[in-house]
$ cat coords_5.txt   # compact mmCIF, C-alpha atoms
# COMPACT_ATOMS: atom_id res chain seq x y z
CA MET A 130 1.65 -5.19 -12.90
CA GLY A 131 -0.28 -6.20 -9.82
CA LYS A 132 -2.71 -4.05 -7.87
CA ILE A 133 -1.11 -1.26 -5.82
CA TYR A 134 -2.64 -0.08 -2.54
CA ILE A 135 -1.30 3.12 -0.98
CA GLY A 136 -2.22 4.46 2.44
CA THR A 137 -0.97 5.30 5.91
CA SER A 138 -0.19 3.50 9.15
CA GLY A 139 -3.24 4.41 11.19
CA TRP A 140 -5.80 7.09 10.43
CA SER A 141 -6.63 8.65 13.79
CA TYR A 142 -4.14 11.00 15.44
CA PRO A 143 -6.36 13.33 17.45
CA LYS A 144 -3.98 14.48 20.19
CA GLY A 145 -0.54 15.95 20.76
CA GLU A 146 1.69 18.16 18.64
CA GLY A 147 1.61 15.63 15.82
CA THR A 148 -2.18 15.61 15.48
CA TRP A 149 -3.74 15.35 12.03
CA ASN A 150 -6.65 17.58 13.01
CA GLY A 151 -6.45 20.81 11.07
CA TYR A 152 -3.70 19.39 8.84
CA PHE A 153 -5.33 16.42 7.07
CA TYR A 154 -8.77 16.41 8.65
CA PRO A 155 -10.77 19.64 8.43
CA LYS A 156 -11.64 20.91 11.88
CA GLY A 157 -14.84 19.33 13.18
CA THR A 158 -14.55 16.15 11.08
CA LYS A 159 -16.66 13.49 12.82
CA ASN A 160 -16.23 10.46 10.55
CA GLU A 161 -12.46 10.40 10.09
CA LEU A 162 -12.31 6.95 8.50
CA GLY A 163 -15.04 7.87 6.03
CA PHE A 164 -13.10 11.00 5.06
CA TYR A 165 -9.83 9.05 4.85
CA SER A 166 -11.32 6.30 2.67
CA GLN A 167 -12.34 8.86 0.05
CA CYS A 168 -8.64 9.67 -0.38
CA PHE A 169 -6.96 6.24 -0.12
CA ASN A 170 -7.82 2.62 -0.89
CA CYS A 171 -6.29 1.02 2.22
CA VAL A 172 -5.13 1.62 5.77
CA GLU A 173 -2.92 -0.19 8.25
CA ILE A 174 -4.63 -0.72 11.61
CA ASN A 175 -2.23 0.04 14.45
CA SER A 176 -4.60 -0.20 17.42
CA SER A 177 -4.58 -4.00 17.10
CA PHE A 178 -0.93 -3.91 18.20
CA TYR A 179 -1.95 -2.70 21.65
CA THR A 180 -5.07 -4.81 22.13
CA PRO A 181 -7.00 -7.25 19.90
CA LEU A 182 -9.77 -5.63 17.89
CA ASN A 183 -13.32 -5.45 19.14
CA PRO A 184 -15.37 -7.16 16.39
CA ALA A 185 -18.11 -4.53 16.76
CA TYR A 186 -15.59 -1.79 15.94
CA ALA A 187 -14.34 -3.77 12.95
CA TRP A 188 -17.90 -4.15 11.61
CA ASN A 189 -18.36 -0.42 11.97
CA TRP A 190 -15.19 0.22 9.96
CA VAL A 191 -16.48 -2.11 7.24
CA LYS A 192 -19.65 -0.03 6.94
CA LYS A 193 -17.77 3.29 6.77
CA THR A 194 -15.52 2.32 3.84
CA PRO A 195 -16.09 1.61 0.12
CA PRO A 196 -16.48 -2.03 -1.02
CA ASP A 197 -12.97 -2.22 -2.50
CA PHE A 198 -11.21 -0.65 0.52
CA LEU A 199 -8.71 -2.92 2.31
CA PHE A 200 -7.41 -3.05 5.88
CA THR A 201 -4.14 -4.55 6.99
CA VAL A 202 -3.90 -5.46 10.67
CA LYS A 203 -0.85 -5.27 12.87
CA LEU A 204 -0.41 -8.34 15.04
CA TRP A 205 -0.92 -7.94 18.80
CA GLN A 206 2.26 -6.99 20.66
CA LYS A 207 1.90 -10.05 22.91
CA PHE A 208 3.04 -12.12 19.90
CA THR A 209 5.90 -9.91 18.73
CA HIS A 210 6.94 -7.61 21.61
CA PRO A 211 6.62 -9.68 24.80
CA GLU A 212 8.72 -7.32 26.93
CA MET A 213 6.64 -4.34 25.85
CA PHE A 214 3.46 -6.28 26.57
CA GLU A 215 4.59 -7.20 30.08
CA LYS A 216 5.66 -3.63 30.83
CA ALA A 217 2.35 -2.23 29.59
CA THR A 218 0.06 -4.75 31.28
CA GLY A 219 2.01 -6.25 34.17
CA LYS A 220 0.95 -9.67 32.87
CA PRO A 221 3.16 -12.52 31.60
CA ALA A 222 3.54 -12.65 27.82
CA ALA A 223 3.28 -16.44 27.45
CA VAL A 224 1.08 -17.03 24.39
CA ALA A 225 -1.90 -19.36 24.69
CA ASP A 226 -4.49 -20.66 22.23
CA ALA A 227 -6.99 -18.24 23.74
CA ASP A 228 -4.79 -15.32 22.64
CA VAL A 229 -4.87 -16.56 19.05
CA ASP A 230 -8.64 -16.98 19.22
CA ILE A 231 -9.29 -13.48 20.54
CA PHE A 232 -7.09 -11.92 17.87
CA ASN A 233 -8.80 -13.95 15.14
CA ARG A 234 -12.26 -13.01 16.37
CA GLY A 235 -11.40 -9.34 16.17
CA ILE A 236 -10.48 -9.44 12.49
CA THR A 237 -13.23 -11.85 11.39
CA PRO A 238 -15.54 -9.00 10.24
CA LEU A 239 -12.83 -7.74 7.89
CA GLU A 240 -12.07 -11.19 6.50
CA ALA A 241 -15.74 -12.10 6.09
CA VAL A 242 -16.37 -9.33 3.57
CA GLY A 243 -13.03 -9.57 1.76
CA LYS A 244 -11.57 -6.41 3.30
CA LEU A 245 -8.60 -8.02 5.07
CA GLY A 246 -5.54 -7.27 2.98
CA ALA A 247 -2.88 -8.77 5.25
CA VAL A 248 -1.75 -9.39 8.81
CA LEU A 249 1.51 -7.63 9.70
CA ALA A 250 3.93 -9.19 12.20
CA GLN A 251 6.25 -6.33 13.11
CA PHE A 252 9.20 -7.29 15.27
CA PRO A 253 11.43 -4.88 17.21
CA SER A 254 15.02 -4.10 16.27
CA GLY A 255 16.13 -6.22 19.25
CA PHE A 256 14.59 -9.37 17.75
CA ILE A 257 17.77 -10.87 16.30
CA ASN A 258 18.40 -13.94 14.21
CA THR A 259 18.93 -16.86 16.60
CA GLU A 260 17.84 -20.48 16.25
CA GLU A 261 15.26 -19.94 18.97
CA ASN A 262 13.83 -16.86 17.26
CA LYS A 263 13.77 -18.61 13.89
CA LEU A 264 11.71 -21.41 15.36
CA TYR A 265 9.37 -18.93 17.03
CA LEU A 266 8.95 -16.94 13.81
CA GLU A 267 8.11 -20.09 11.85
CA ALA A 268 5.63 -21.25 14.50
CA LEU A 269 3.96 -17.85 14.64
CA LEU A 270 3.53 -17.64 10.88
CA ASN A 271 2.12 -21.15 10.77
CA THR A 272 -0.34 -20.18 13.50
CA PHE A 273 -1.78 -17.41 11.33
CA SER A 274 -1.23 -19.07 7.96
CA GLN A 275 -4.88 -18.69 6.94
CA TYR A 276 -4.21 -14.97 6.32
CA PRO A 277 -1.94 -13.16 3.87
CA LEU A 278 1.13 -12.46 6.02
CA ALA A 279 3.80 -9.77 6.06
CA VAL A 280 6.82 -9.82 8.38
CA GLU A 281 8.88 -6.79 9.40
CA LEU A 282 12.32 -7.77 10.69
CA ARG A 283 14.52 -4.80 11.58
CA HIS A 284 17.87 -6.30 12.59
CA SER A 285 20.67 -6.86 10.07
CA SER A 286 21.25 -10.43 11.27
CA TRP A 287 18.13 -11.46 9.35
CA SER A 288 19.14 -9.94 6.01
CA ASP A 289 22.71 -11.17 6.46
CA ASP A 290 21.36 -14.74 6.42
CA ASN A 291 20.05 -15.97 3.07
CA GLN A 292 18.05 -18.64 4.90
CA THR A 293 15.63 -15.95 6.10
CA GLY A 294 14.29 -15.33 2.62
CA LYS A 295 13.99 -19.07 2.03
CA LEU A 296 12.03 -19.50 5.26
CA LEU A 297 9.60 -16.71 4.42
CA SER A 298 9.22 -17.99 0.85
CA SER A 299 8.38 -21.47 2.12
CA LEU A 300 5.58 -19.93 4.19
CA ASP A 301 4.50 -17.54 1.39
CA ALA A 302 4.98 -14.57 3.73
CA ALA A 303 6.03 -11.15 2.43
CA TRP A 304 9.25 -9.72 3.83
CA VAL A 305 8.40 -6.10 4.60
CA GLN A 306 10.61 -3.60 2.80
CA ILE A 307 11.20 -0.61 5.05
CA ASP A 308 12.54 2.88 4.58
CA GLU A 309 13.98 4.44 7.73
CA PRO A 310 17.26 5.92 8.98
CA VAL A 311 20.08 3.44 8.33
CA PHE A 312 22.27 2.37 11.24
CA LYS A 313 24.91 -0.34 11.62
CA SER A 314 22.35 -2.86 12.89
CA SER A 315 19.65 -1.96 10.36
CA VAL A 316 18.14 -4.64 8.16
CA SER A 317 19.02 -4.30 4.49
CA GLN A 318 16.96 -1.78 2.54
CA ASP A 319 17.10 -4.11 -0.47
CA LEU A 320 15.23 -7.27 0.50
CA PRO A 321 14.19 -10.14 -1.76
CA LEU A 322 10.56 -10.66 -2.68
CA THR A 323 9.43 -13.76 -0.80
CA SER A 324 5.84 -14.06 -2.04
CA SER A 325 4.40 -13.79 -5.54
CA LYS A 326 1.02 -12.90 -4.03
CA LEU A 327 1.90 -10.11 -1.61
CA ALA A 328 4.45 -7.33 -1.19
CA TYR A 329 4.46 -4.87 1.70
CA LEU A 330 6.41 -1.63 2.04
CA ARG A 331 6.51 0.71 5.05
CA PHE A 332 8.02 4.18 4.91
CA HIS A 333 8.94 5.42 8.40
CA GLY A 334 10.77 8.60 7.40
CA ARG A 335 14.47 9.40 7.62
CA ASN A 336 14.65 11.44 10.81
CA ALA A 337 17.97 10.01 12.00
CA GLN A 338 18.51 12.86 14.46
CA ASN A 339 15.44 11.99 16.53
CA TRP A 340 15.11 8.28 15.77
CA TRP A 341 16.44 7.06 19.11
CA THR A 342 15.97 10.20 21.19
CA GLY A 343 12.57 11.40 19.97
CA ASN A 344 9.19 10.32 21.31
CA THR A 345 6.44 8.45 19.44
CA GLU A 346 5.61 11.66 17.60
CA THR A 347 8.86 13.52 16.96
CA ARG A 348 10.81 10.53 15.62
CA TYR A 349 8.33 10.48 12.72
CA ARG A 350 8.64 14.19 11.98
CA TYR A 351 9.94 13.76 8.45
CA LEU A 352 8.34 14.86 5.20
CA TYR A 353 9.73 13.09 2.12
CA PRO A 354 10.71 15.69 -0.53
CA PRO A 355 9.68 15.18 -4.19
CA GLU A 356 12.94 13.55 -5.28
CA GLU A 357 12.69 10.94 -2.52
CA VAL A 358 9.02 10.30 -3.28
CA SER A 359 10.04 9.67 -6.89
CA GLU A 360 12.58 7.08 -5.71
CA LEU A 361 9.95 5.37 -3.58
CA ALA A 362 7.55 5.37 -6.54
CA GLU A 363 10.12 3.53 -8.65
CA ARG A 364 10.57 1.02 -5.85
CA VAL A 365 6.83 0.41 -5.51
CA LYS A 366 6.39 0.01 -9.27
CA LYS A 367 9.27 -2.45 -9.51
CA THR A 368 7.85 -4.48 -6.65
CA ALA A 369 4.34 -4.48 -8.10
CA GLY A 370 5.73 -5.90 -11.31
CA SER A 371 6.42 -9.19 -9.54
CA THR A 372 3.46 -9.54 -7.16
CA GLN A 373 -0.31 -9.72 -7.31
CA THR A 374 -0.91 -7.19 -4.53
CA THR A 375 1.44 -4.49 -3.22
CA PHE A 376 0.79 -2.40 -0.12
CA ALA A 377 2.73 0.79 0.56
CA PHE A 378 2.17 2.63 3.84
CA PHE A 379 3.61 5.87 5.19
CA ASN A 380 4.28 5.90 8.92
CA ASN A 381 5.74 9.43 9.12
CA HIS A 382 2.59 10.51 10.86
CA TRP A 383 3.61 13.90 12.33
CA GLN A 384 0.96 16.56 11.54
CA GLY A 385 -0.44 14.74 8.53
CA TYR A 386 2.88 14.18 6.79
CA ALA A 387 1.88 10.58 6.04
CA PRO A 388 -1.29 11.33 4.05
CA LYS A 389 0.54 14.17 2.29
CA ASN A 390 3.31 11.80 1.16
CA ALA A 391 0.84 9.02 0.32
CA THR A 392 -0.92 11.44 -2.02
CA ASP A 393 2.45 12.46 -3.45
CA LEU A 394 3.31 8.80 -4.07
CA LYS A 395 0.05 8.12 -5.89
CA GLN A 396 0.64 11.10 -8.14
CA SER A 397 4.28 10.19 -8.77
CA ILE A 398 3.43 6.63 -9.79
CA GLN A 399 0.67 7.86 -12.10
CA ALA A 400 3.02 10.38 -13.71
CA GLN A 401 5.76 7.77 -14.23
CA LEU A 402 3.31 5.30 -15.77
CA MET A 403 2.02 7.95 -18.17
CA LEU A 404 5.58 8.70 -19.30
CA GLU A 405 6.18 5.01 -19.95
CA GLU A 406 3.15 4.62 -22.20

$ encode --input "coords_5.txt" --output "structure tokens"
Amino acid sequence: MGKIYIGTSGWSYPKGEGTWNGYFYPKGTKNELGFYSQCFNCVEINSSFYTPLNPAYAWNWVKKTPPDFLFTVKLWQKFTHPEMFEKATGKPAAVADADVDIFNRGITPLEAVGKLGAVLAQFPSGFINTEENKLYLEALLNTFSQYPLAVELRHSSWSDDNQTGKLLSSLDAAWVQIDEPVFKSSVSQDLPLTSSKLAYLRFHGRNAQNWWTGNTETRYRYLYPPEEVSELAERVKKTAGSTQTTFAFFNNHWQGYAPKNATDLKQSIQAQLMLEE
């Protein structure tokens, strides 16, 4: 079995009803990442989706975490969500070499010390399987091929086409396995492993009621009960049996639900492994 890394999507949720303060972080916690890294061995950086990382911040994160702690980095929205980028910035989303350079510079501190676990290209549910989008996906993955890559495709048109798995396999990119409410257009929840080196799972919660109507906090208001955590543990173990490195992240971030379930998952996997011995 390969190495399993379990953590959460992001570690800082200081504001709003869904804050982690007082739920996961004791009140008055100053060094949140330092506290977090004593509980988990990895984290998924979400801030890089909104703007490329500042290398100085990345160096600071390196210093605050143990030597074996890994970061995965979400790709800048300019590469994966052009409409969202244009709406947020008022600037055109045409990608230039300078955009690639600035993103690469931001994650160099993590890569330099061996703390970069993967780069995540997360596409929206509206990114459907067309010839144009296939070509773009291939070009994008080739652009960042120096990193371990994971790709989250949310529309069923990708999993309905067996060529998708072949494309990702040819580029040694992991096809992200997701757990979220299932709708008619949802990508399959049973995806093939496309890399022997890397597997990547993201657990978004199953809050179907608020998935489309909730805001960025309430749609993730879902705590996985023990029986569902046990199912996810089996899934992670099975995946880790065929890959060198497996990442599993909880994105149900409402009021510290994600770190609670990440802890549950660690314990469930340990308990299952003990029973198998």

$ residues_around --input "coords_5.txt" --residues "stretch 338-342 of chain A" --least-positions-apart "4" --cutoff "12 Å" --atoms "all atoms listed in the file" --output "PyMOL selection string"
chain A and resi 254+309-312+333-334+346-351+381

$ closest_atom_pairs --input "coords_5.txt" --of "stretch 154-210 of chain A" --to "stretch 138-145 of chain A" --cutoff "9 Å" --atoms "all atoms listed in the file" --output "JSON lines"
{"residue": "A:Glu161", "atom": "CA", "partner": "A:Ser141", "partner_atom": "CA", "distance": 7.1}
{"residue": "A:Leu162", "atom": "CA", "partner": "A:Trp140", "partner_atom": "CA", "distance": 6.8}
{"residue": "A:Tyr165", "atom": "CA", "partner": "A:Trp140", "partner_atom": "CA", "distance": 7.2}
{"residue": "A:Val172", "atom": "CA", "partner": "A:Ser138", "partner_atom": "CA", "distance": 6.3}
{"residue": "A:Glu173", "atom": "CA", "partner": "A:Ser138", "partner_atom": "CA", "distance": 4.7}
{"residue": "A:Ile174", "atom": "CA", "partner": "A:Gly139", "partner_atom": "CA", "distance": 5.3}
{"residue": "A:Asn175", "atom": "CA", "partner": "A:Gly139", "partner_atom": "CA", "distance": 5.5}
{"residue": "A:Ser176", "atom": "CA", "partner": "A:Gly139", "partner_atom": "CA", "distance": 7.9}

$ closest_residue --input "coords_5.txt" --among "A:Tyr386, A:Trp287, A:Tyr134, A:Tyr276" --to "A:Leu249" --atoms "all atoms listed in the file"
A:Tyr276

$ residues_around --input "coords_5.txt" --residues "A:Asn390" --least-positions-apart "5" --cutoff "12 Å" --atoms "all atoms listed in the file" --output "PyMOL selection string"
chain A and resi 135-137+153+169+332-334+351-359+361-362+377-385+395-397

$ closest_residue --input "coords_5.txt" --among "A:Glu267, A:Asp226, A:Glu215, A:Glu281" --to "A:Gln251" --atoms "all atoms listed in the file"
A:Glu281

$ closest_atom_pairs --input "coords_5.txt" --of "stretch 211-275 of chain A" --to "stretch 296-301 of chain A" --cutoff "9 Å" --atoms "only C-alpha atoms" --output "Markdown table"
| residue | atom | partner | partner_atom | distance |
| --- | --- | --- | --- | --- |
| A:Lys263 | CA | A:Leu296 | CA | 8.8 |
| A:Glu267 | CA | A:Leu296 | CA | 7.7 |
| A:Leu270 | CA | A:Leu300 | CA | 7.4 |
| A:Asn271 | CA | A:Leu300 | CA | 7.5 |
| A:Ser274 | CA | A:Leu300 | CA | 7.8 |

$ write_last_selection --input "coords_5.txt" --atoms "C-alpha atoms" --output "JSON list (two decimals), in the coordinates of the input"
[["chain", "number", "residue", "atom", "x", "y", "z"],
["A", 263, "LYS", "CA", 13.77, -18.61, 13.89],
["A", 267, "GLU", "CA", 8.11, -20.09, 11.85],
["A", 270, "LEU", "CA", 3.53, -17.64, 10.88],
["A", 271, "ASN", "CA", 2.12, -21.15, 10.77],
["A", 274, "SER", "CA", -1.23, -19.07, 7.96]]

$ atom_distance --input "coords_5.txt" --atom1 "atom CA of A:Asn233" --atom2 "atom CA of A:Lys192"
19.5 Å

$ residues_around --input "coords_5.txt" --residues "stretch 327-330 of chain A" --least-positions-apart "6" --cutoff "8 Å" --atoms "only C-alpha atoms" --output "list of chain:residue names"
A:Pro277, A:Ala279, A:Ala302, A:Ala303, A:Trp304, A:Val305, A:Gln306, A:Ile307, A:Val365, A:Thr368, A:Ala369, A:Thr372, A:Gln373, A:Thr374, A:Thr375, A:Phe376, A:Ala377, A:Phe378

$ write_last_selection --input "coords_5.txt" --atoms "C-alpha atoms" --output "compact mmCIF listing (two decimals), keeping the file's coordinate frame"
# COMPACT_ATOMS: atom_id res chain seq x y z
CA PRO A 277 -1.94 -13.16 3.87
CA ALA A 279 3.80 -9.77 6.06
CA ALA A 302 4.98 -14.57 3.73
CA ALA A 303 6.03 -11.15 2.43
CA TRP A 304 9.25 -9.72 3.83
CA VAL A 305 8.40 -6.10 4.60
CA GLN A 306 10.61 -3.60 2.80
CA ILE A 307 11.20 -0.61 5.05
CA VAL A 365 6.83 0.41 -5.51
CA THR A 368 7.85 -4.48 -6.65
CA ALA A 369 4.34 -4.48 -8.10
CA THR A 372 3.46 -9.54 -7.16
CA GLN A 373 -0.31 -9.72 -7.31
CA THR A 374 -0.91 -7.19 -4.53
CA THR A 375 1.44 -4.49 -3.22
CA PHE A 376 0.79 -2.40 -0.12
CA ALA A 377 2.73 0.79 0.56
CA PHE A 378 2.17 2.63 3.84

$ closest_residue --input "coords_5.txt" --among "A:Met213, A:Leu266, A:Thr259, A:Leu278" --to "A:Leu245" --atoms "only C-alpha atoms"
A:Leu278

$ atom_distance --input "coords_5.txt" --atom1 "atom CA of A:Ser317" --atom2 "atom CA of A:Lys367"
17.2 Å

$ atom_distance --input "coords_5.txt" --atom1 "atom CA of A:Thr180" --atom2 "atom CA of A:Gln206"
7.8 Å

$ closest_residue --input "coords_5.txt" --among "A:Ser177, A:Asn258, A:Ser371, A:Gln399" --to "A:Ser324" --atoms "all atoms listed in the file"
A:Ser371

$ decode --input "coords_5.txt" --residues "stretch 150-181 of chain A" --atoms "C-alpha atoms" --output "mmCIF file, in the first residue's frame"
data_model
loop_
_atom_site.group_PDB
_atom_site.id
_atom_site.type_symbol
_atom_site.label_atom_id
_atom_site.label_comp_id
_atom_site.auth_asym_id
_atom_site.auth_seq_id
_atom_site.Cartn_x
_atom_site.Cartn_y
_atom_site.Cartn_z
ATOM 1 C CA ASN A 150 -12.527 29.545 15.131
ATOM 2 C CA GLY A 151 -13.865 28.068 18.329
ATOM 3 C CA TYR A 152 -14.707 24.798 16.558
ATOM 4 C CA PHE A 153 -11.342 23.471 15.335
ATOM 5 C CA TYR A 154 -9.011 26.254 16.406
ATOM 6 C CA PRO A 155 -9.058 27.207 20.093
ATOM 7 C CA LYS A 156 -9.978 30.850 20.516
ATOM 8 C CA GLY A 157 -6.937 33.095 20.247
ATOM 9 C CA THR A 158 -4.904 30.698 18.068
ATOM 10 C CA LYS A 159 -2.280 32.801 16.269
ATOM 11 C CA ASN A 160 -0.395 30.212 14.215
ATOM 12 C CA GLU A 161 -3.265 28.310 12.596
ATOM 13 C CA LEU A 162 -1.115 26.403 10.100
ATOM 14 C CA GLY A 163 1.266 25.320 12.854
ATOM 15 C CA PHE A 164 -1.685 24.037 14.893
ATOM 16 C CA TYR A 165 -3.221 22.344 11.842
ATOM 17 C CA SER A 166 0.038 20.617 10.859
ATOM 18 C CA GLN A 167 0.225 18.913 14.253
ATOM 19 C CA CYS A 168 -3.062 17.175 13.385
ATOM 20 C CA PHE A 169 -2.662 16.360 9.670
ATOM 21 C CA ASN A 170 0.160 15.570 7.248
ATOM 22 C CA CYS A 171 -1.074 17.627 4.282
ATOM 23 C CA VAL A 172 -3.301 20.487 3.200
ATOM 24 C CA GLU A 173 -4.801 21.679 -0.065
ATOM 25 C CA ILE A 174 -4.072 25.360 -0.747
ATOM 26 C CA ASN A 175 -7.184 27.108 -2.042
ATOM 27 C CA SER A 176 -5.964 30.719 -2.060
ATOM 28 C CA SER A 177 -3.883 29.974 -5.173
ATOM 29 C CA PHE A 178 -7.160 29.572 -7.069
ATOM 30 C CA TYR A 179 -7.933 33.262 -6.625
ATOM 31 C CA THR A 180 -4.442 34.665 -7.136
ATOM 32 C CA PRO A 181 -0.987 33.105 -7.641
#
